[in-house]
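Q: My structure is below; once you've seen it, I'll send some questions.
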Amino acid sequence: MNEALDALLDLLDLERIDEDIFRGRSQSSVVPRVFGGQVAAQALVAAGRTVPADRTAHSLHAYFLRAGDPGAPIVYTVDRIRDGRSFTTRRVVGVQHGQPIFHLSASFQTYEEGLEHQSEMPPAPDPETLPTAAEMLPRYADGFVDPGMADRFLEARAAVDLRYVDEPPFGTVGRPREPRSQVWFRTAGKLADDPLLHVCLATYVSDMTLLDSVLLAHGRGGWAVGDVVGASLDHAMWFHRPFRADEWLLYDQQSPSAAGGRGLGQARIFTQDGRLAISVIQEGVIRVPRE
């Protein structure tokens with residue numbers, strides 16, 4: 001297994017310090033705060049460990065309340081809101097330095113048959129034909145505010161094979177285009193057959209690129225270029241069908257709106273054979289730095 005993926009799985013293996021209280025660590029990020037996808041994934045792990053094994057996550061709704069300190073542990077407390085015949089609901093609060101930094105509500109369901117339909121998968125090239133991050137990122141390093149930013153990107157995302165279908169925002173600075181972005185992703189190694197683990201890893205990756213489409217509409221390069229500042233505000237996901245995070249998933253993202261210093265991203269995640277696995281919506285603060 002890839003060493004970085006092994007380290008990420010260790011990061012998601014929370015320490016249980018009481019029946020419904022867990023403790024997690026953090027890893028290095030591109031920005032000097034805890035990566036939001038890490039907090040969301042860890043909180044979902046905490047929730048899932050209090051739920052019967054026959055119930056899988058079908059949705060989560062989360063708020064990022066404060067920037068996380070990467071040098072301090074995060075304590076996750078789980079409230080067992082409801083255990084029904086078909087659905088289980090959990091609320092999780094992540095706390096650092098005595099203050100809540102993250103809030104998650106998650107719902108789990110037993111499997112059942114029902115009506116079926118889905119949106120059609122949009123066209124996208126074979127992921128194996130696209131450049132890897134290691135091949136792509138150095139091409140843009142000269143435009144980053146920090147010469148070491150490309151290396152930090154690669155280090156922070158080493159557990160995931162993530163490939164852009166088109167140029168990322170930092171590759172088209174000053175050239176506004178349609179607010180739509182696609183990436184293929186999978187973990188950089190095989191995972192165990194644990195549905196909660198695959199859902200948590202997809203949650204982790206979902207925070208990496210969703211607001212790219214907002215930046216594209218305005219020709220902004222993003223945090224690495226330094227022409228915007230911002231952070232995730234809230235995040236919602238619906239898990240429709242089984243999938244594996246260690247197999248290629250298409251993350252089809254777009255932005256319907258930006259206003260009031262906020263930008264909205266919405267996305268669909270498809271398996272390579274065309275099944276709609278996940279829907280995602282996120283809003284973030286996106287501000288243009290003052291001169």
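Ordering of the structure tokens sets the chain letters (A, B, ...), residue numbers begin anew at 1 in every chain, and ligands are numbered from 1 in the order given.
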Give me, as a PyMOL selection string, all polymer residues having an atom no more than 12 Å from region 148-157 of chain A, counting only C-alpha atoms and skipping those fewer than 3 positions away in the same chain.
A: chain A and resi 2-5+7-8+26-32+34-35+37-38+132-145+160-163+170+185-188+204-205+207-209+223-226
Q: Would you mind exporting the chosen residues as a CSV table (one decimal), in the first residue's frame, restricted to N, CA and C atoms?
A:
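The resulting again_39.csv:
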chain,number,residue,atom,x,y,z
A,2,ASN,N,0.4,2.3,-0.7
A,2,ASN,CA,1.1,3.6,-0.7
A,2,ASN,C,1.3,4.1,0.7
A,3,GLU,N,2.5,4.6,1.1
A,3,GLU,CA,2.7,5.0,2.5
A,3,GLU,C,1.8,6.2,2.9
A,4,ALA,N,1.5,7.1,2.0
A,4,ALA,CA,0.7,8.2,2.3
A,4,ALA,C,-0.7,7.7,2.6
A,5,LEU,N,-1.2,6.7,1.8
A,5,LEU,CA,-2.6,6.2,2.0
A,5,LEU,C,-2.6,5.5,3.4
A,7,ALA,N,-0.8,6.2,5.9
A,7,ALA,CA,-0.9,7.3,7.0
A,7,ALA,C,-2.3,7.9,7.1
A,8,LEU,N,-3.0,8.1,6.0
A,8,LEU,CA,-4.3,8.6,6.0
A,8,LEU,C,-5.3,7.6,6.7
A,26,SER,N,-4.1,15.3,13.1
A,26,SER,CA,-4.2,16.0,11.8
A,26,SER,C,-2.9,15.7,11.1
A,27,GLN,N,-2.9,16.0,9.8
A,27,GLN,CA,-1.7,15.9,9.0
A,27,GLN,C,-1.5,17.2,8.3
A,28,SER,N,-0.4,17.3,7.6
A,28,SER,CA,0.0,18.5,6.9
A,28,SER,C,-1.0,18.9,5.8
A,29,SER,N,-1.2,20.2,5.6
A,29,SER,CA,-2.2,20.6,4.6
A,29,SER,C,-1.5,21.7,3.7
A,30,VAL,N,-2.2,22.0,2.6
A,30,VAL,CA,-1.7,23.0,1.7
A,30,VAL,C,-1.7,24.4,2.4
A,31,VAL,N,-2.8,24.6,3.2
A,31,VAL,CA,-2.9,25.9,3.9
A,31,VAL,C,-2.6,25.6,5.4
A,32,PRO,N,-2.3,26.7,6.2
A,32,PRO,CA,-1.9,26.5,7.6
A,32,PRO,C,-3.1,26.3,8.5
A,34,VAL,N,-6.3,22.9,9.5
A,34,VAL,CA,-6.7,21.5,9.3
A,34,VAL,C,-7.5,21.5,8.0
A,35,PHE,N,-7.2,20.6,7.2
A,35,PHE,CA,-8.0,20.4,5.9
A,35,PHE,C,-9.4,19.9,6.3
A,37,GLY,N,-11.7,18.4,4.6
A,37,GLY,CA,-12.1,17.1,4.3
A,37,GLY,C,-11.7,16.1,5.3
A,38,GLN,N,-10.6,16.3,6.0
A,38,GLN,CA,-10.1,15.4,7.0
A,38,GLN,C,-11.0,15.5,8.2
A,132,THR,N,-0.9,12.7,-14.2
A,132,THR,CA,-1.0,12.6,-12.8
A,132,THR,C,-0.7,13.9,-12.1
A,133,ALA,N,-0.9,14.0,-10.9
A,133,ALA,CA,-0.6,15.3,-10.2
A,133,ALA,C,0.9,15.6,-10.2
A,134,ALA,N,1.7,14.5,-10.1
A,134,ALA,CA,3.2,14.7,-10.1
A,134,ALA,C,3.6,15.2,-11.5
A,135,GLU,N,2.9,14.8,-12.6
A,135,GLU,CA,3.2,15.3,-13.9
A,135,GLU,C,2.7,16.7,-14.2
A,136,MET,N,1.6,17.0,-13.6
A,136,MET,CA,0.9,18.3,-13.9
A,136,MET,C,1.4,19.5,-13.1
A,137,LEU,N,1.4,19.3,-11.7
A,137,LEU,CA,1.6,20.4,-10.8
A,137,LEU,C,2.9,21.2,-11.1
A,138,PRO,N,4.0,20.6,-11.3
A,138,PRO,CA,5.3,21.4,-11.6
A,138,PRO,C,5.1,22.4,-12.7
A,139,ARG,N,4.2,22.1,-13.7
A,139,ARG,CA,4.1,23.0,-14.8
A,139,ARG,C,3.6,24.4,-14.3
A,140,TYR,N,2.9,24.4,-13.2
A,140,TYR,CA,2.3,25.7,-12.7
A,140,TYR,C,3.0,26.3,-11.5
A,141,ALA,N,4.1,25.7,-11.1
A,141,ALA,CA,4.7,26.2,-9.9
A,141,ALA,C,5.2,27.6,-9.9
A,142,ASP,N,5.6,28.1,-11.1
A,142,ASP,CA,6.0,29.5,-11.2
A,142,ASP,C,4.9,30.5,-10.9
A,143,GLY,N,3.7,30.1,-11.0
A,143,GLY,CA,2.6,31.0,-10.8
A,143,GLY,C,2.1,31.0,-9.3
A,144,PHE,N,2.7,30.1,-8.5
A,144,PHE,CA,2.3,30.0,-7.1
A,144,PHE,C,2.9,31.1,-6.3
A,145,VAL,N,2.3,31.5,-5.2
A,145,VAL,CA,2.8,32.5,-4.3
A,145,VAL,C,4.1,32.0,-3.6
A,160,VAL,N,-4.1,10.1,-2.6
A,160,VAL,CA,-5.1,10.1,-3.6
A,160,VAL,C,-4.6,10.3,-5.0
A,161,ASP,N,-5.0,9.5,-6.0
A,161,ASP,CA,-4.6,9.7,-7.4
A,161,ASP,C,-5.7,10.6,-7.9
A,162,LEU,N,-5.5,11.9,-8.1
A,162,LEU,CA,-6.5,12.9,-8.5
A,162,LEU,C,-6.0,13.5,-9.8
A,163,ARG,N,-6.8,13.4,-10.9
A,163,ARG,CA,-6.4,13.8,-12.2
A,163,ARG,C,-7.5,14.8,-12.8
A,170,PHE,N,-5.7,27.3,-11.3
A,170,PHE,CA,-4.4,28.0,-11.3
A,170,PHE,C,-3.6,27.9,-12.7
A,185,PHE,N,-10.8,10.6,-9.5
A,185,PHE,CA,-10.0,10.3,-8.4
A,185,PHE,C,-10.2,8.8,-7.9
A,186,ARG,N,-9.2,8.3,-7.2
A,186,ARG,CA,-9.3,7.1,-6.5
A,186,ARG,C,-8.1,7.1,-5.5
A,187,THR,N,-8.2,6.2,-4.5
A,187,THR,CA,-7.1,6.2,-3.5
A,187,THR,C,-5.9,5.5,-4.2
A,188,ALA,N,-4.8,5.9,-3.6
A,188,ALA,CA,-3.5,5.4,-4.2
A,188,ALA,C,-3.1,4.0,-3.7
A,204,TYR,N,-13.5,12.7,2.4
A,204,TYR,CA,-12.2,13.4,2.5
A,204,TYR,C,-11.9,14.1,1.2
A,205,VAL,N,-12.0,13.4,0.1
A,205,VAL,CA,-11.6,13.9,-1.2
A,205,VAL,C,-12.6,15.0,-1.7
A,207,ASP,N,-13.8,17.5,-0.5
A,207,ASP,CA,-13.5,18.9,-0.1
A,207,ASP,C,-12.3,19.5,-0.9
A,208,MET,N,-11.6,18.7,-1.7
A,208,MET,CA,-10.4,19.2,-2.4
A,208,MET,C,-10.6,20.1,-3.5
A,209,THR,N,-11.6,19.9,-4.3
A,209,THR,CA,-11.7,20.7,-5.6
A,209,THR,C,-13.1,21.3,-5.9
A,223,TRP,N,-6.2,29.7,-4.0
A,223,TRP,CA,-5.4,29.9,-2.8
A,223,TRP,C,-3.9,29.8,-3.1
A,224,ALA,N,-3.5,28.9,-4.0
A,224,ALA,CA,-2.1,28.7,-4.3
A,224,ALA,C,-1.5,30.0,-5.1
A,225,VAL,N,-2.4,30.6,-5.9
A,225,VAL,CA,-2.0,31.8,-6.6
A,225,VAL,C,-2.0,33.1,-5.8
A,226,GLY,N,-3.0,33.1,-4.8
A,226,GLY,CA,-3.1,34.2,-3.9
A,226,GLY,C,-4.0,35.3,-4.4
Q: Tell me, as number ranges by chain, which residues lie within 12 Å of region 111-127 of chain A, counting only C-alpha atoms; anything in the same chain fewer than 4 positions away does not count.
A: A: 53-58, 85-87, 131-132, 161-166, 180-186, 240-242, 247-253, 267-279
Q: Separation of CA of Arg80 (chain A) and CA of Ile21 (chain A), in Å?
A: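 CA of Ile21 (chain A) lies 11.5 Å from CA of Arg80 (chain A).
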Q: Using only C-alpha atoms, which residue out of A:Leu233, A:Val228, A:Ala258, A:Val51 lies closest to Phe102 (chain A)?
A: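 Ranked by minimum distance to Phe102 (chain A), first place goes to A:Leu233.
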Q: From region 83-268 of chain A, collect each residue whose DSSP state is strand (DSSP E or B) and return the set as an MDAnalysis selection string.
A: chainID A and resid 83 87:96 99:110 160:164 180:187 229:239 249:259 262:268
Q: Using only C-alpha atoms, can you tell me which of A:Pro168, A:Gly98, A:Gly230, A:Gly219 comes closest to Arg33 (chain A)?
A: A:Gly230
Q: Please provide as a ChimeraX atom specification all residues within 12 Å of Ala192 (chain A), with the sequence filter that same-chain residues fewer than 5 positions apart are discarded (counting only C-alpha atoms).
A: /A:1,6,9,187,197-198,201,244-246
Q: I'd like the neighbourhood of Asp79 (chain A) as number ranges by chain, where a residue qualifies if any of its atoms comes within 9 Å (using only C-alpha atoms), though same-chain residues fewer than 6 positions away should be ignored.
A: A: 20, 47, 89-93
Q: List every residue of region 12-257 of chain A that DSSP, applied to the backbone of this structure, assigns to helix (DSSP H, G or I), and report them as a CSV table (one decimal) with N, CA, C and O atoms, in the first residue's frame.
A:
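Generated file (part.csv):
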chain,number,residue,atom,x,y,z
A,12,LEU,N,-7.6,8.2,10.1
A,12,LEU,CA,-9.0,8.0,10.2
A,12,LEU,C,-9.4,6.9,11.3
A,12,LEU,O,-10.5,6.8,11.6
A,36,GLY,N,-10.4,20.7,5.7
A,36,GLY,CA,-11.8,20.4,6.0
A,36,GLY,C,-12.2,19.0,5.7
A,36,GLY,O,-13.0,18.4,6.5
A,37,GLY,N,-11.7,18.4,4.6
A,37,GLY,CA,-12.1,17.1,4.3
A,37,GLY,C,-11.7,16.1,5.3
A,37,GLY,O,-12.4,15.0,5.6
A,38,GLN,N,-10.6,16.3,6.0
A,38,GLN,CA,-10.1,15.4,7.0
A,38,GLN,C,-11.0,15.5,8.2
A,38,GLN,O,-11.4,14.4,8.8
A,39,VAL,N,-11.5,16.7,8.6
A,39,VAL,CA,-12.4,16.8,9.8
A,39,VAL,C,-13.7,16.1,9.5
A,39,VAL,O,-14.2,15.4,10.3
A,40,ALA,N,-14.2,16.3,8.3
A,40,ALA,CA,-15.5,15.7,7.9
A,40,ALA,C,-15.4,14.2,7.9
A,40,ALA,O,-16.3,13.5,8.4
A,41,ALA,N,-14.3,13.7,7.3
A,41,ALA,CA,-14.1,12.2,7.3
A,41,ALA,C,-14.0,11.7,8.7
A,41,ALA,O,-14.6,10.6,9.0
A,42,GLN,N,-13.2,12.3,9.5
A,42,GLN,CA,-13.0,11.8,10.9
A,42,GLN,C,-14.3,11.9,11.7
A,42,GLN,O,-14.7,10.9,12.4
A,43,ALA,N,-15.1,12.9,11.5
A,43,ALA,CA,-16.4,13.0,12.2
A,43,ALA,C,-17.4,11.9,11.7
A,43,ALA,O,-18.1,11.3,12.5
A,44,LEU,N,-17.3,11.6,10.4
A,44,LEU,CA,-18.2,10.5,9.9
A,44,LEU,C,-17.7,9.1,10.5
A,44,LEU,O,-18.5,8.3,10.7
A,45,VAL,N,-16.4,9.0,10.6
A,45,VAL,CA,-15.9,7.8,11.3
A,45,VAL,C,-16.4,7.6,12.7
A,45,VAL,O,-16.9,6.6,13.1
A,46,ALA,N,-16.4,8.7,13.4
A,46,ALA,CA,-16.9,8.7,14.8
A,46,ALA,C,-18.4,8.3,14.8
A,46,ALA,O,-18.8,7.5,15.6
A,47,ALA,N,-19.2,8.9,13.9
A,47,ALA,CA,-20.6,8.6,13.9
A,47,ALA,C,-20.8,7.2,13.5
A,47,ALA,O,-21.6,6.5,14.2
A,48,GLY,N,-20.1,6.7,12.5
A,48,GLY,CA,-20.3,5.3,12.0
A,48,GLY,C,-19.9,4.3,13.0
A,48,GLY,O,-20.5,3.2,13.0
A,127,PRO,N,-9.6,8.1,-17.4
A,127,PRO,CA,-8.6,8.7,-16.4
A,127,PRO,C,-7.2,8.3,-16.7
A,127,PRO,O,-6.3,9.0,-16.4
A,128,GLU,N,-7.0,7.1,-17.2
A,128,GLU,CA,-5.6,6.6,-17.4
A,128,GLU,C,-4.9,7.4,-18.5
A,128,GLU,O,-3.7,7.4,-18.6
A,129,THR,N,-5.6,8.2,-19.3
A,129,THR,CA,-5.0,9.0,-20.4
A,129,THR,C,-4.6,10.4,-19.9
A,129,THR,O,-4.0,11.2,-20.6
A,133,ALA,N,-0.9,14.0,-10.9
A,133,ALA,CA,-0.6,15.3,-10.2
A,133,ALA,C,0.9,15.6,-10.2
A,133,ALA,O,1.3,16.7,-10.4
A,134,ALA,N,1.7,14.5,-10.1
A,134,ALA,CA,3.2,14.7,-10.1
A,134,ALA,C,3.6,15.2,-11.5
A,134,ALA,O,4.6,15.9,-11.6
A,135,GLU,N,2.9,14.8,-12.6
A,135,GLU,CA,3.2,15.3,-13.9
A,135,GLU,C,2.7,16.7,-14.2
A,135,GLU,O,3.3,17.4,-14.9
A,136,MET,N,1.6,17.0,-13.6
A,136,MET,CA,0.9,18.3,-13.9
A,136,MET,C,1.4,19.5,-13.1
A,136,MET,O,1.6,20.6,-13.6
A,137,LEU,N,1.4,19.3,-11.7
A,137,LEU,CA,1.6,20.4,-10.8
A,137,LEU,C,2.9,21.2,-11.1
A,137,LEU,O,2.9,22.5,-11.0
A,138,PRO,N,4.0,20.6,-11.3
A,138,PRO,CA,5.3,21.4,-11.6
A,138,PRO,C,5.1,22.4,-12.7
A,138,PRO,O,5.8,23.4,-12.7
A,139,ARG,N,4.2,22.1,-13.7
A,139,ARG,CA,4.1,23.0,-14.8
A,139,ARG,C,3.6,24.4,-14.3
A,139,ARG,O,3.7,25.4,-15.0
A,140,TYR,N,2.9,24.4,-13.2
A,140,TYR,CA,2.3,25.7,-12.7
A,140,TYR,C,3.0,26.3,-11.5
A,140,TYR,O,2.6,27.3,-11.0
A,141,ALA,N,4.1,25.7,-11.1
A,141,ALA,CA,4.7,26.2,-9.9
A,141,ALA,C,5.2,27.6,-9.9
A,141,ALA,O,5.2,28.3,-8.9
A,142,ASP,N,5.6,28.1,-11.1
A,142,ASP,CA,6.0,29.5,-11.2
A,142,ASP,C,4.9,30.5,-10.9
A,142,ASP,O,5.2,31.6,-10.6
A,143,GLY,N,3.7,30.1,-11.0
A,143,GLY,CA,2.6,31.0,-10.8
A,143,GLY,C,2.1,31.0,-9.3
A,143,GLY,O,1.3,31.8,-8.9
A,149,MET,N,4.9,25.5,-2.9
A,149,MET,CA,3.5,25.1,-2.9
A,149,MET,C,3.2,23.9,-3.7
A,149,MET,O,2.4,23.0,-3.3
A,150,ALA,N,3.8,23.7,-4.8
A,150,ALA,CA,3.6,22.5,-5.6
A,150,ALA,C,4.0,21.2,-4.8
A,150,ALA,O,3.2,20.2,-4.8
A,151,ASP,N,5.1,21.3,-4.1
A,151,ASP,CA,5.5,20.1,-3.3
A,151,ASP,C,4.5,19.9,-2.2
A,151,ASP,O,4.2,18.7,-1.8
A,152,ARG,N,4.0,21.0,-1.6
A,152,ARG,CA,3.0,20.8,-0.5
A,152,ARG,C,1.7,20.2,-1.0
A,152,ARG,O,1.0,19.4,-0.4
A,153,PHE,N,1.3,20.6,-2.2
A,153,PHE,CA,0.1,20.0,-2.9
A,153,PHE,C,0.3,18.5,-3.0
A,153,PHE,O,-0.5,17.7,-2.7
A,154,LEU,N,1.5,18.1,-3.5
A,154,LEU,CA,1.8,16.7,-3.8
A,154,LEU,C,1.8,15.9,-2.5
A,154,LEU,O,1.3,14.8,-2.4
A,155,GLU,N,2.4,16.5,-1.5
A,155,GLU,CA,2.5,15.8,-0.2
A,155,GLU,C,1.1,15.7,0.4
A,155,GLU,O,0.7,14.6,0.9
A,156,ALA,N,0.3,16.7,0.4
A,156,ALA,CA,-1.1,16.7,1.0
A,156,ALA,C,-2.0,15.8,0.3
A,156,ALA,O,-2.9,15.2,0.9
A,169,PRO,N,-7.9,25.7,-12.0
A,169,PRO,CA,-8.0,27.2,-11.9
A,169,PRO,C,-6.7,27.9,-12.0
A,169,PRO,O,-6.5,29.0,-12.6
A,170,PHE,N,-5.7,27.3,-11.3
A,170,PHE,CA,-4.4,28.0,-11.3
A,170,PHE,C,-3.6,27.9,-12.7
A,170,PHE,O,-2.5,28.4,-12.9
A,171,GLY,N,-4.2,27.2,-13.6
A,171,GLY,CA,-3.7,27.1,-15.0
A,171,GLY,C,-4.3,28.0,-16.0
A,171,GLY,O,-3.8,28.1,-17.1
A,195,PRO,N,-17.7,-0.7,3.9
A,195,PRO,CA,-18.4,0.4,3.2
A,195,PRO,C,-18.2,1.8,3.9
A,195,PRO,O,-18.1,2.8,3.2
A,196,LEU,N,-18.1,1.8,5.2
A,196,LEU,CA,-17.9,3.1,5.9
A,196,LEU,C,-16.6,3.7,5.5
A,196,LEU,O,-16.5,4.9,5.4
A,197,LEU,N,-15.6,2.9,5.4
A,197,LEU,CA,-14.2,3.4,5.0
A,197,LEU,C,-14.3,4.0,3.6
A,197,LEU,O,-13.7,5.1,3.4
A,198,HIS,N,-15.0,3.4,2.7
A,198,HIS,CA,-15.0,4.0,1.3
A,198,HIS,C,-15.8,5.3,1.3
A,198,HIS,O,-15.5,6.3,0.7
A,199,VAL,N,-16.9,5.4,2.1
A,199,VAL,CA,-17.7,6.6,2.2
A,199,VAL,C,-16.9,7.7,2.9
A,199,VAL,O,-16.9,8.9,2.4
A,200,CYS,N,-16.1,7.4,3.9
A,200,CYS,CA,-15.3,8.4,4.6
A,200,CYS,C,-14.2,8.9,3.7
A,200,CYS,O,-13.9,10.1,3.7
A,201,LEU,N,-13.6,8.0,2.9
A,201,LEU,CA,-12.5,8.5,2.0
A,201,LEU,C,-13.1,9.4,0.9
A,201,LEU,O,-12.4,10.3,0.4
A,202,ALA,N,-14.3,9.0,0.4
A,202,ALA,CA,-14.9,9.9,-0.6
A,202,ALA,C,-15.2,11.3,0.0
A,202,ALA,O,-15.1,12.3,-0.7
A,203,THR,N,-15.6,11.3,1.2
A,203,THR,CA,-15.9,12.5,2.0
A,203,THR,C,-14.6,13.3,2.1
A,203,THR,O,-14.6,14.6,1.9
A,204,TYR,N,-13.5,12.7,2.4
A,204,TYR,CA,-12.2,13.4,2.5
A,204,TYR,C,-11.9,14.1,1.2
A,204,TYR,O,-11.5,15.2,1.1
A,205,VAL,N,-12.0,13.4,0.1
A,205,VAL,CA,-11.6,13.9,-1.2
A,205,VAL,C,-12.6,15.0,-1.7
A,205,VAL,O,-12.2,15.9,-2.4
A,206,SER,N,-13.8,14.9,-1.3
A,206,SER,CA,-14.9,15.8,-1.8
A,206,SER,C,-14.6,17.3,-1.5
A,206,SER,O,-15.1,18.1,-2.2
A,207,ASP,N,-13.8,17.5,-0.5
A,207,ASP,CA,-13.5,18.9,-0.1
A,207,ASP,C,-12.3,19.5,-0.9
A,207,ASP,O,-11.9,20.7,-0.7
A,208,MET,N,-11.6,18.7,-1.7
A,208,MET,CA,-10.4,19.2,-2.4
A,208,MET,C,-10.6,20.1,-3.5
A,208,MET,O,-9.9,21.1,-3.7
A,209,THR,N,-11.6,19.9,-4.3
A,209,THR,CA,-11.7,20.7,-5.6
A,209,THR,C,-13.1,21.3,-5.9
A,209,THR,O,-13.3,21.9,-6.9
A,212,ASP,N,-13.5,24.8,-7.1
A,212,ASP,CA,-12.8,25.2,-8.3
A,212,ASP,C,-13.7,25.9,-9.3
A,212,ASP,O,-13.3,26.8,-10.0
A,213,SER,N,-14.9,25.3,-9.4
A,213,SER,CA,-15.8,25.8,-10.5
A,213,SER,C,-16.2,27.3,-10.2
A,213,SER,O,-16.4,28.1,-11.2
A,214,VAL,N,-16.2,27.7,-8.9
A,214,VAL,CA,-16.5,29.1,-8.6
A,214,VAL,C,-15.4,30.0,-9.2
A,214,VAL,O,-15.6,31.0,-9.8
A,215,LEU,N,-14.1,29.5,-8.9
A,215,LEU,CA,-13.0,30.3,-9.4
A,215,LEU,C,-12.9,30.4,-10.9
A,215,LEU,O,-12.5,31.5,-11.4
A,216,LEU,N,-13.2,29.3,-11.6
A,216,LEU,CA,-13.1,29.3,-13.0
A,216,LEU,C,-14.0,30.4,-13.6
A,216,LEU,O,-13.7,31.0,-14.7
A,217,ALA,N,-15.2,30.6,-13.1
A,217,ALA,CA,-16.1,31.6,-13.6
A,217,ALA,C,-15.5,33.0,-13.6
A,217,ALA,O,-16.0,33.9,-14.4
Q: Output as JSON lines one row per residue of region 91-190 of chain A within 12 Å of region 65-70 of chain A: the closest atom pair and its distance in Å to one decimal place, counting only C-alpha atoms, sorted by chain and residue number ascending.
A:
{"residue": "A:Val93", "atom": "CA", "partner": "A:Leu65", "partner_atom": "CA", "distance": 10.1}
{"residue": "A:Gly94", "atom": "CA", "partner": "A:Gly68", "partner_atom": "CA", "distance": 9.5}
{"residue": "A:Val95", "atom": "CA", "partner": "A:Gly68", "partner_atom": "CA", "distance": 9.0}
{"residue": "A:Gln96", "atom": "CA", "partner": "A:Gly68", "partner_atom": "CA", "distance": 7.3}
{"residue": "A:His97", "atom": "CA", "partner": "A:Asp69", "partner_atom": "CA", "distance": 8.9}
{"residue": "A:Gly98", "atom": "CA", "partner": "A:Arg66", "partner_atom": "CA", "distance": 11.9}
{"residue": "A:Gln99", "atom": "CA", "partner": "A:Arg66", "partner_atom": "CA", "distance": 8.6}
{"residue": "A:Pro100", "atom": "CA", "partner": "A:Leu65", "partner_atom": "CA", "distance": 7.0}
{"residue": "A:Ile101", "atom": "CA", "partner": "A:Arg66", "partner_atom": "CA", "distance": 4.5}
{"residue": "A:Phe102", "atom": "CA", "partner": "A:Leu65", "partner_atom": "CA", "distance": 5.3}
{"residue": "A:His103", "atom": "CA", "partner": "A:Leu65", "partner_atom": "CA", "distance": 7.4}
{"residue": "A:Leu104", "atom": "CA", "partner": "A:Leu65", "partner_atom": "CA", "distance": 10.6}
Q: Write the residues of the selection above to a file with all heavy atoms, as a compact mmCIF listing (two decimals), in the first residue's frame.
A:
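Below you can see out-v4.txt, which holds the result:
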# COMPACT_ATOMS: atom_id res chain seq x y z
N VAL A 93 -19.84 16.67 17.15
CA VAL A 93 -19.19 17.97 17.31
C VAL A 93 -17.70 17.75 17.48
O VAL A 93 -17.27 16.94 18.33
CB VAL A 93 -19.76 18.74 18.52
CG1 VAL A 93 -19.04 20.08 18.66
CG2 VAL A 93 -21.25 18.96 18.37
N GLY A 94 -16.89 18.42 16.66
CA GLY A 94 -15.45 18.38 16.79
C GLY A 94 -14.98 19.58 17.59
O GLY A 94 -15.35 20.71 17.29
N VAL A 95 -14.17 19.31 18.62
CA VAL A 95 -13.76 20.37 19.55
C VAL A 95 -12.24 20.44 19.63
O VAL A 95 -11.55 19.42 19.69
CB VAL A 95 -14.34 20.10 20.97
CG1 VAL A 95 -13.86 21.14 21.96
CG2 VAL A 95 -15.86 20.07 20.92
N GLN A 96 -11.72 21.67 19.63
CA GLN A 96 -10.30 21.95 19.86
C GLN A 96 -10.18 23.13 20.81
O GLN A 96 -10.93 24.12 20.68
CB GLN A 96 -9.59 22.30 18.55
CG GLN A 96 -8.98 21.13 17.82
CD GLN A 96 -8.10 21.59 16.67
OE1 GLN A 96 -8.33 22.63 16.05
NE2 GLN A 96 -7.09 20.81 16.37
N HIS A 97 -9.25 23.04 21.76
CA HIS A 97 -9.00 24.15 22.69
C HIS A 97 -10.29 24.61 23.38
O HIS A 97 -10.49 25.81 23.61
CB HIS A 97 -8.33 25.32 21.98
CG HIS A 97 -7.08 24.95 21.23
ND1 HIS A 97 -6.00 24.36 21.85
CD2 HIS A 97 -6.74 25.09 19.92
CE1 HIS A 97 -5.04 24.15 20.94
NE2 HIS A 97 -5.47 24.58 19.77
N GLY A 98 -11.18 23.66 23.64
CA GLY A 98 -12.41 23.97 24.36
C GLY A 98 -13.50 24.62 23.53
O GLY A 98 -14.54 24.99 24.07
N GLN A 99 -13.30 24.72 22.20
CA GLN A 99 -14.29 25.36 21.33
C GLN A 99 -14.68 24.45 20.18
O GLN A 99 -13.82 23.76 19.61
CB GLN A 99 -13.76 26.68 20.77
CG GLN A 99 -13.54 27.77 21.80
CD GLN A 99 -13.15 29.08 21.15
OE1 GLN A 99 -12.29 29.11 20.28
NE2 GLN A 99 -13.79 30.16 21.55
N PRO A 100 -15.96 24.44 19.79
CA PRO A 100 -16.37 23.64 18.64
C PRO A 100 -15.80 24.22 17.35
O PRO A 100 -15.89 25.43 17.11
CB PRO A 100 -17.90 23.72 18.67
CG PRO A 100 -18.20 24.98 19.41
CD PRO A 100 -17.10 25.15 20.42
N ILE A 101 -15.23 23.36 16.51
CA ILE A 101 -14.71 23.81 15.22
C ILE A 101 -15.50 23.21 14.06
O ILE A 101 -15.40 23.68 12.93
CB ILE A 101 -13.21 23.47 15.05
CG1 ILE A 101 -13.01 21.95 14.98
CG2 ILE A 101 -12.37 24.09 16.15
CD1 ILE A 101 -11.63 21.54 14.49
N PHE A 102 -16.32 22.20 14.37
CA PHE A 102 -17.01 21.47 13.29
C PHE A 102 -18.26 20.80 13.85
O PHE A 102 -18.26 20.31 14.98
CB PHE A 102 -16.07 20.42 12.70
CG PHE A 102 -16.63 19.64 11.55
CD1 PHE A 102 -16.67 20.18 10.27
CD2 PHE A 102 -17.11 18.35 11.73
CE1 PHE A 102 -17.19 19.47 9.19
CE2 PHE A 102 -17.64 17.63 10.66
CZ PHE A 102 -17.67 18.19 9.39
N HIS A 103 -19.32 20.79 13.03
CA HIS A 103 -20.58 20.16 13.42
C HIS A 103 -21.08 19.30 12.27
O HIS A 103 -21.13 19.75 11.13
CB HIS A 103 -21.61 21.23 13.77
CG HIS A 103 -22.94 20.68 14.19
ND1 HIS A 103 -23.87 20.22 13.29
CD2 HIS A 103 -23.49 20.52 15.42
CE1 HIS A 103 -24.94 19.81 13.94
NE2 HIS A 103 -24.74 19.97 15.23
N LEU A 104 -21.44 18.05 12.58
CA LEU A 104 -21.89 17.12 11.55
C LEU A 104 -23.18 16.43 12.00
O LEU A 104 -23.29 16.01 13.16
CB LEU A 104 -20.83 16.04 11.30
CG LEU A 104 -21.22 14.87 10.41
CD1 LEU A 104 -21.01 15.23 8.94
CD2 LEU A 104 -20.42 13.61 10.74
Q: Considering only C-alpha atoms, return as a PyMOL selection string whatever protein or nucleic-acid residues lie within 7 Å of Asp227 (chain A), sequence-local ones (same chain, fewer than 3 positions apart) excluded.
A: chain A and resi 220-223+288-289
